[in-house]
Amino acid sequence: MLDGPRLSPLSGGKPDALVVLIHGYGSNGDDLISLAALMQPALPETAFVAPNAPGRIPSLAAAHQWWAIETFSMAERAAGADAAASGLDAFVSAELEALGLTGDRLILLGFSQGTMMALHVGLRRADAVAGIIGISGMLVAPERLKSEIASRPPVLLIHGTEDEVVPFRSLELAAAALADAGVTVETHVSPGTNHSVAPDGLKAAISFVRRVLS
């Protein structure tokens, strides 16, 4: 079972919602949980968890991966996301059960490779989540989505125009494929931002979470 750092609700009470933060390639839960600390003041009743991906990158300290990146091919991404999906899905279900929450109180927030996992898992859960946020990522295997989609939670895609890792045009491609599959999708563009989370992007994410959980 996956595991990673957690933050309890800032209010000190029982959580009324859960945000699962899914990190990117070469990162870890400790890195992404820092976003949760910035979101907490606006979401005081929400719990946060950032699981570490199951794979390790031997040449880098504390670096995790949802799948190994060797060829950057579409086939590699699809196979990798398929292989990692069951573990993340089981983790999400276990976290909800432990907190006594249902899928409609869950937000999946991914960054880069984590965005690919958030979309891949979240759209295939029969127990629909409240919403999915994808930052600086892309949609894996868009040609399969219509036949495999199990629920259609609202999606927010955030991307910087100067992303040097995942091309900015990935935002438009993902949004089009999601809309074609009947998903309500919003986009937020961070001008001049590279492969990172800009303050305006974080503000958009917080606004989206508050809206879909209200």
# chains A, B, ... in the order shown; residues from 1 in each chain; ligands from 1
$ residues_around --residues "range 164-174 of chain A" --least-positions-apart "6" --cutoff "7 Å" --atoms "only C-alpha atoms" --output "list in words"
Ser136, Gly137, Met138, Leu139, Leu157, Asn194 and His195 of chain A
$ residues_around --residues "Gly12 in chain A" --least-positions-apart "5" --cutoff "10 Å" --atoms "only C-alpha atoms" --output "list in words"
Pro44, Glu45 and Thr46 of chain A
$ write_last_selection --atoms "N, CA, C and O atoms" --output "tab-separated table (two decimals), in the first residue's frame"
chain	number	residue	atom	x	y	z
A	44	PRO	N	-10.13	24.98	5.74
A	44	PRO	CA	-9.76	24.57	7.11
A	44	PRO	C	-10.35	23.24	7.57
A	44	PRO	O	-9.84	22.65	8.52
A	45	GLU	N	-11.39	22.76	6.90
A	45	GLU	CA	-12.02	21.50	7.31
A	45	GLU	C	-11.53	20.32	6.48
A	45	GLU	O	-12.04	19.21	6.61
A	46	THR	N	-10.55	20.55	5.61
A	46	THR	CA	-10.10	19.54	4.66
A	46	THR	C	-8.81	18.86	5.12
A	46	THR	O	-7.91	19.51	5.62
$ closest_atom_pairs --of "range 30-94 of chain A" --to "range 106-109 of chain A" --cutoff "10 Å" --atoms "only C-alpha atoms" --output "tab-separated table"
residue	atom	partner	partner_atom	distance
A:Leu32	CA	A:Leu109	CA	9.9
A:Thr46	CA	A:Leu106	CA	9.6
A:Ala47	CA	A:Leu106	CA	9.8
A:Phe48	CA	A:Ile107	CA	9.6
A:Ala50	CA	A:Leu109	CA	9.5
A:Val92	CA	A:Leu106	CA	8.9
$ write_last_selection --atoms "all heavy atoms" --output "mmCIF file, in the first residue's frame"
data_model
loop_
_atom_site.group_PDB
_atom_site.id
_atom_site.type_symbol
_atom_site.label_atom_id
_atom_site.label_comp_id
_atom_site.auth_asym_id
_atom_site.auth_seq_id
_atom_site.Cartn_x
_atom_site.Cartn_y
_atom_site.Cartn_z
ATOM 1 N N LEU A 32 5.255 17.722 -2.523
ATOM 2 C CA LEU A 32 3.946 18.217 -2.932
ATOM 3 C C LEU A 32 3.057 18.588 -1.752
ATOM 4 O O LEU A 32 2.148 19.405 -1.900
ATOM 5 C CB LEU A 32 3.238 17.193 -3.822
ATOM 6 C CG LEU A 32 2.255 17.801 -4.827
ATOM 7 C CD1 LEU A 32 2.958 18.797 -5.743
ATOM 8 C CD2 LEU A 32 1.579 16.730 -5.650
ATOM 9 N N THR A 46 -10.548 20.554 5.615
ATOM 10 C CA THR A 46 -10.097 19.539 4.662
ATOM 11 C C THR A 46 -8.812 18.861 5.115
ATOM 12 O O THR A 46 -7.906 19.513 5.625
ATOM 13 C CB THR A 46 -9.876 20.188 3.281
ATOM 14 O OG1 THR A 46 -11.112 20.743 2.829
ATOM 15 C CG2 THR A 46 -9.375 19.181 2.266
ATOM 16 N N ALA A 47 -8.733 17.551 4.922
ATOM 17 C CA ALA A 47 -7.506 16.786 5.170
ATOM 18 C C ALA A 47 -6.738 16.652 3.856
ATOM 19 O O ALA A 47 -7.333 16.682 2.770
ATOM 20 C CB ALA A 47 -7.845 15.407 5.716
ATOM 21 N N PHE A 48 -5.426 16.495 3.958
ATOM 22 C CA PHE A 48 -4.567 16.386 2.783
ATOM 23 C C PHE A 48 -3.620 15.198 2.951
ATOM 24 O O PHE A 48 -3.131 14.930 4.047
ATOM 25 C CB PHE A 48 -3.729 17.655 2.593
ATOM 26 C CG PHE A 48 -4.519 18.905 2.339
ATOM 27 C CD1 PHE A 48 -5.075 19.617 3.391
ATOM 28 C CD2 PHE A 48 -4.710 19.374 1.047
ATOM 29 C CE1 PHE A 48 -5.803 20.779 3.167
ATOM 30 C CE2 PHE A 48 -5.433 20.535 0.803
ATOM 31 C CZ PHE A 48 -5.979 21.236 1.871
ATOM 32 N N ALA A 50 -0.331 13.166 0.548
ATOM 33 C CA ALA A 50 0.481 13.152 -0.678
ATOM 34 C C ALA A 50 1.284 11.853 -0.724
ATOM 35 O O ALA A 50 2.406 11.781 -0.206
ATOM 36 C CB ALA A 50 1.413 14.364 -0.713
ATOM 37 N N VAL A 92 -6.500 5.569 -2.553
ATOM 38 C CA VAL A 92 -7.561 6.572 -2.442
ATOM 39 C C VAL A 92 -8.767 5.996 -1.706
ATOM 40 O O VAL A 92 -9.316 6.632 -0.792
ATOM 41 C CB VAL A 92 -7.965 7.074 -3.843
ATOM 42 C CG1 VAL A 92 -9.269 7.853 -3.785
ATOM 43 C CG2 VAL A 92 -6.857 7.933 -4.435
#
$ closest_residue --among "A:Ala81, A:Ile158, A:Ala42, A:Ala61" --to "Val121 in chain A" --atoms "only C-alpha atoms"
A:Ala81
$ closest_residue --among "A:Arg144, A:Arg152, A:Arg124, A:Arg105" --to "Leu18 in chain A" --atoms "only C-alpha atoms"
A:Arg105
$ select_by_dssp --residues "range 36-146 of chain A" --states "strand (DSSP E or B)" --output "JSON, numbers by chain"
{"A": [46, 47, 48, 49, 55, 56, 64, 65, 106, 107, 108, 109, 110, 111, 131, 132, 133, 134, 135]}
$ closest_residue --among "A:Ala84, A:Ala128, A:Leu119, A:Val185" --to "Gly103 in chain A" --atoms "only C-alpha atoms"
A:Ala128
$ residues_around --residues "Phe111 in chain A" --least-positions-apart "2" --cutoff "10 Å" --atoms "only C-alpha atoms" --output "ChimeraX atom specification"
/A:21-25,27,32,109,113-118,133-138,158-159,195-197
$ write_last_selection --atoms "N, CA, C and O atoms" --output "compact mmCIF listing (two decimals), in the first residue's frame"
# COMPACT_ATOMS: atom_id res chain seq x y z
N LEU A 21 -2.87 14.73 -3.13
CA LEU A 21 -1.92 15.41 -4.00
C LEU A 21 -0.97 14.38 -4.59
O LEU A 21 -0.31 13.63 -3.84
N ILE A 22 -0.88 14.34 -5.91
CA ILE A 22 -0.13 13.28 -6.61
C ILE A 22 1.07 13.91 -7.31
O ILE A 22 0.92 14.67 -8.26
N HIS A 23 2.25 13.59 -6.81
CA HIS A 23 3.46 14.26 -7.28
C HIS A 23 3.91 13.77 -8.66
O HIS A 23 3.43 12.77 -9.19
N GLY A 24 4.87 14.49 -9.21
CA GLY A 24 5.39 14.18 -10.52
C GLY A 24 6.63 13.32 -10.49
O GLY A 24 7.10 12.89 -9.43
N TYR A 25 7.17 13.06 -11.66
CA TYR A 25 8.36 12.22 -11.84
C TYR A 25 9.56 12.82 -11.11
O TYR A 25 9.85 14.01 -11.24
N SER A 27 9.96 13.31 -7.96
CA SER A 27 9.61 14.07 -6.76
C SER A 27 9.15 13.11 -5.68
O SER A 27 9.43 11.91 -5.73
N LEU A 32 5.25 17.72 -2.52
CA LEU A 32 3.95 18.22 -2.93
C LEU A 32 3.06 18.59 -1.75
O LEU A 32 2.15 19.40 -1.90
N LEU A 109 -5.54 16.02 -6.98
CA LEU A 109 -4.74 17.12 -7.52
C LEU A 109 -3.38 16.57 -7.92
O LEU A 109 -2.63 16.08 -7.07
N GLN A 113 3.56 14.24 -14.05
CA GLN A 113 3.20 12.82 -14.14
C GLN A 113 2.04 12.51 -13.19
O GLN A 113 1.22 11.64 -13.46
N GLY A 114 1.96 13.26 -12.11
CA GLY A 114 0.84 13.10 -11.18
C GLY A 114 -0.49 13.52 -11.78
O GLY A 114 -1.54 12.96 -11.45
N THR A 115 -0.47 14.51 -12.67
CA THR A 115 -1.69 14.88 -13.40
C THR A 115 -2.17 13.72 -14.26
O THR A 115 -3.36 13.41 -14.32
N MET A 116 -1.23 13.06 -14.93
CA MET A 116 -1.58 11.92 -15.77
C MET A 116 -2.24 10.84 -14.93
O MET A 116 -3.23 10.23 -15.35
N MET A 117 -1.73 10.61 -13.72
CA MET A 117 -2.30 9.61 -12.83
C MET A 117 -3.66 10.05 -12.29
O MET A 117 -4.59 9.24 -12.20
N ALA A 118 -3.79 11.32 -11.93
CA ALA A 118 -5.06 11.81 -11.39
C ALA A 118 -6.19 11.65 -12.40
O ALA A 118 -7.29 11.20 -12.07
N ILE A 133 -7.90 18.13 -10.43
CA ILE A 133 -7.07 19.26 -10.85
C ILE A 133 -5.78 18.71 -11.42
O ILE A 133 -5.09 17.91 -10.77
N GLY A 134 -5.45 19.13 -12.62
CA GLY A 134 -4.21 18.70 -13.26
C GLY A 134 -3.33 19.90 -13.57
O GLY A 134 -3.76 20.82 -14.27
N ILE A 135 -2.13 19.91 -13.02
CA ILE A 135 -1.20 21.02 -13.22
C ILE A 135 0.01 20.55 -14.02
O ILE A 135 0.64 19.55 -13.68
N SER A 136 0.31 21.27 -15.10
CA SER A 136 1.50 20.99 -15.91
C SER A 136 1.58 19.54 -16.37
O SER A 136 2.65 18.92 -16.32
N GLY A 137 0.45 18.99 -16.80
CA GLY A 137 0.44 17.59 -17.20
C GLY A 137 -0.20 17.37 -18.55
O GLY A 137 -0.32 18.29 -19.37
N MET A 138 -0.63 16.14 -18.79
CA MET A 138 -1.30 15.79 -20.03
C MET A 138 -2.23 14.61 -19.78
O MET A 138 -2.19 13.98 -18.72
N ILE A 158 -4.44 23.30 -15.36
CA ILE A 158 -3.62 24.50 -15.17
C ILE A 158 -2.27 24.28 -15.85
O ILE A 158 -1.65 23.22 -15.66
N HIS A 159 -1.81 25.26 -16.61
CA HIS A 159 -0.54 25.06 -17.31
C HIS A 159 0.15 26.41 -17.55
O HIS A 159 -0.51 27.41 -17.86
N HIS A 195 7.65 24.92 -15.72
CA HIS A 195 7.10 23.67 -15.18
C HIS A 195 7.01 23.77 -13.65
O HIS A 195 7.82 23.19 -12.91
N SER A 196 6.04 24.53 -13.21
CA SER A 196 5.89 24.78 -11.78
C SER A 196 4.47 25.27 -11.49
O SER A 196 3.66 25.41 -12.41
N VAL A 197 4.20 25.51 -10.22
CA VAL A 197 2.89 26.01 -9.81
C VAL A 197 3.04 27.49 -9.47
O VAL A 197 3.71 27.84 -8.50
$ residues_around --residues "range 205-210 of chain A" --least-positions-apart "3" --cutoff "8 Å" --atoms "only C-alpha atoms" --output "number ranges by chain"
A: 39, 42-43, 107, 131, 133, 156, 201-202, 213-214
$ atom_distance --atom1 "CA of Ala63 in chain A" --atom2 "CA of Leu96 in chain A"
26.2 Å
$ residues_around --residues "Leu145 in chain A" --least-positions-apart "4" --cutoff "9 Å" --atoms "only C-alpha atoms" --output "list in words"
His120, Leu123, Arg124, Val140, Ala141, Ile149, Ala177, Leu178 and Ala181 of chain A
$ write_last_selection --atoms "all heavy atoms" --output "compact mmCIF listing (two decimals), in the first residue's frame"
# COMPACT_ATOMS: atom_id res chain seq x y z
N HIS A 120 -6.14 9.63 -15.10
CA HIS A 120 -6.28 8.22 -15.48
C HIS A 120 -7.10 7.46 -14.45
O HIS A 120 -7.97 6.65 -14.81
CB HIS A 120 -4.88 7.59 -15.61
CG HIS A 120 -4.85 6.36 -16.48
ND1 HIS A 120 -5.00 6.41 -17.84
CD2 HIS A 120 -4.69 5.05 -16.17
CE1 HIS A 120 -4.93 5.18 -18.34
NE2 HIS A 120 -4.74 4.34 -17.35
N LEU A 123 -11.07 9.42 -13.55
CA LEU A 123 -12.14 9.28 -14.54
C LEU A 123 -12.60 7.83 -14.71
O LEU A 123 -13.62 7.58 -15.36
CB LEU A 123 -11.68 9.82 -15.89
CG LEU A 123 -11.36 11.32 -15.91
CD1 LEU A 123 -10.72 11.71 -17.24
CD2 LEU A 123 -12.62 12.15 -15.65
N ARG A 124 -11.87 6.90 -14.11
CA ARG A 124 -12.23 5.49 -14.22
C ARG A 124 -12.80 4.94 -12.92
O ARG A 124 -13.09 3.74 -12.84
CB ARG A 124 -10.99 4.67 -14.66
CG ARG A 124 -10.62 4.93 -16.12
CD ARG A 124 -9.23 4.41 -16.47
NE ARG A 124 -8.96 4.56 -17.90
CZ ARG A 124 -8.59 5.69 -18.49
NH1 ARG A 124 -8.45 6.80 -17.77
NH2 ARG A 124 -8.37 5.73 -19.79
N VAL A 140 -3.29 10.89 -20.65
CA VAL A 140 -2.75 9.65 -21.19
C VAL A 140 -3.83 8.89 -21.95
O VAL A 140 -4.99 8.83 -21.51
CB VAL A 140 -2.19 8.77 -20.04
CG1 VAL A 140 -1.81 7.38 -20.56
CG2 VAL A 140 -1.00 9.44 -19.38
N ALA A 141 -3.47 8.33 -23.08
CA ALA A 141 -4.35 7.48 -23.89
C ALA A 141 -5.72 8.11 -24.12
O ALA A 141 -6.76 7.53 -23.80
CB ALA A 141 -4.51 6.11 -23.22
N ILE A 149 -14.18 5.47 -19.57
CA ILE A 149 -14.60 6.41 -18.55
C ILE A 149 -15.77 5.85 -17.74
O ILE A 149 -16.69 5.25 -18.30
CB ILE A 149 -14.97 7.77 -19.19
CG1 ILE A 149 -15.10 8.85 -18.12
CG2 ILE A 149 -16.22 7.66 -20.05
CD1 ILE A 149 -15.18 10.26 -18.70
N ALA A 177 -10.00 16.54 -25.57
CA ALA A 177 -10.35 15.12 -25.42
C ALA A 177 -11.32 14.90 -24.27
O ALA A 177 -12.25 14.09 -24.35
CB ALA A 177 -9.08 14.30 -25.19
N LEU A 178 -11.13 15.63 -23.18
CA LEU A 178 -12.03 15.52 -22.03
C LEU A 178 -13.43 15.99 -22.41
O LEU A 178 -14.43 15.34 -22.09
CB LEU A 178 -11.50 16.33 -20.85
CG LEU A 178 -10.24 15.77 -20.18
CD1 LEU A 178 -9.64 16.81 -19.24
CD2 LEU A 178 -10.55 14.49 -19.42
N ALA A 181 -15.35 13.61 -24.38
CA ALA A 181 -15.84 12.46 -23.61
C ALA A 181 -16.96 12.86 -22.65
O ALA A 181 -17.40 12.05 -21.83
CB ALA A 181 -14.69 11.83 -22.83
$ atom_distance --atom1 "CA of Lys14 in chain A" --atom2 "CA of Val49 in chain A"
14.8 Å
$ closest_atom_pairs --of "range 79-189 of chain A" --to "range 2-6 of chain A" --cutoff "10 Å" --atoms "only C-alpha atoms" --output "CSV"
residue,atom,partner,partner_atom,distance
A:Gly87,CA,A:Leu2,CA,7.1
A:Leu88,CA,A:Leu2,CA,7.3
A:Ala90,CA,A:Leu2,CA,8.7
A:Phe91,CA,A:Leu2,CA,6.1
A:Val92,CA,A:Leu2,CA,9.4
A:Glu95,CA,A:Asp3,CA,9.9
$ select_by_dssp --residues "range 61-144 of chain A" --states "alpha helix (DSSP H)" --output "number ranges by chain"
A: 74-99, 113-122
$ atom_distance --atom1 "CA of Asp163 in chain A" --atom2 "CA of Gly192 in chain A"
8.5 Å
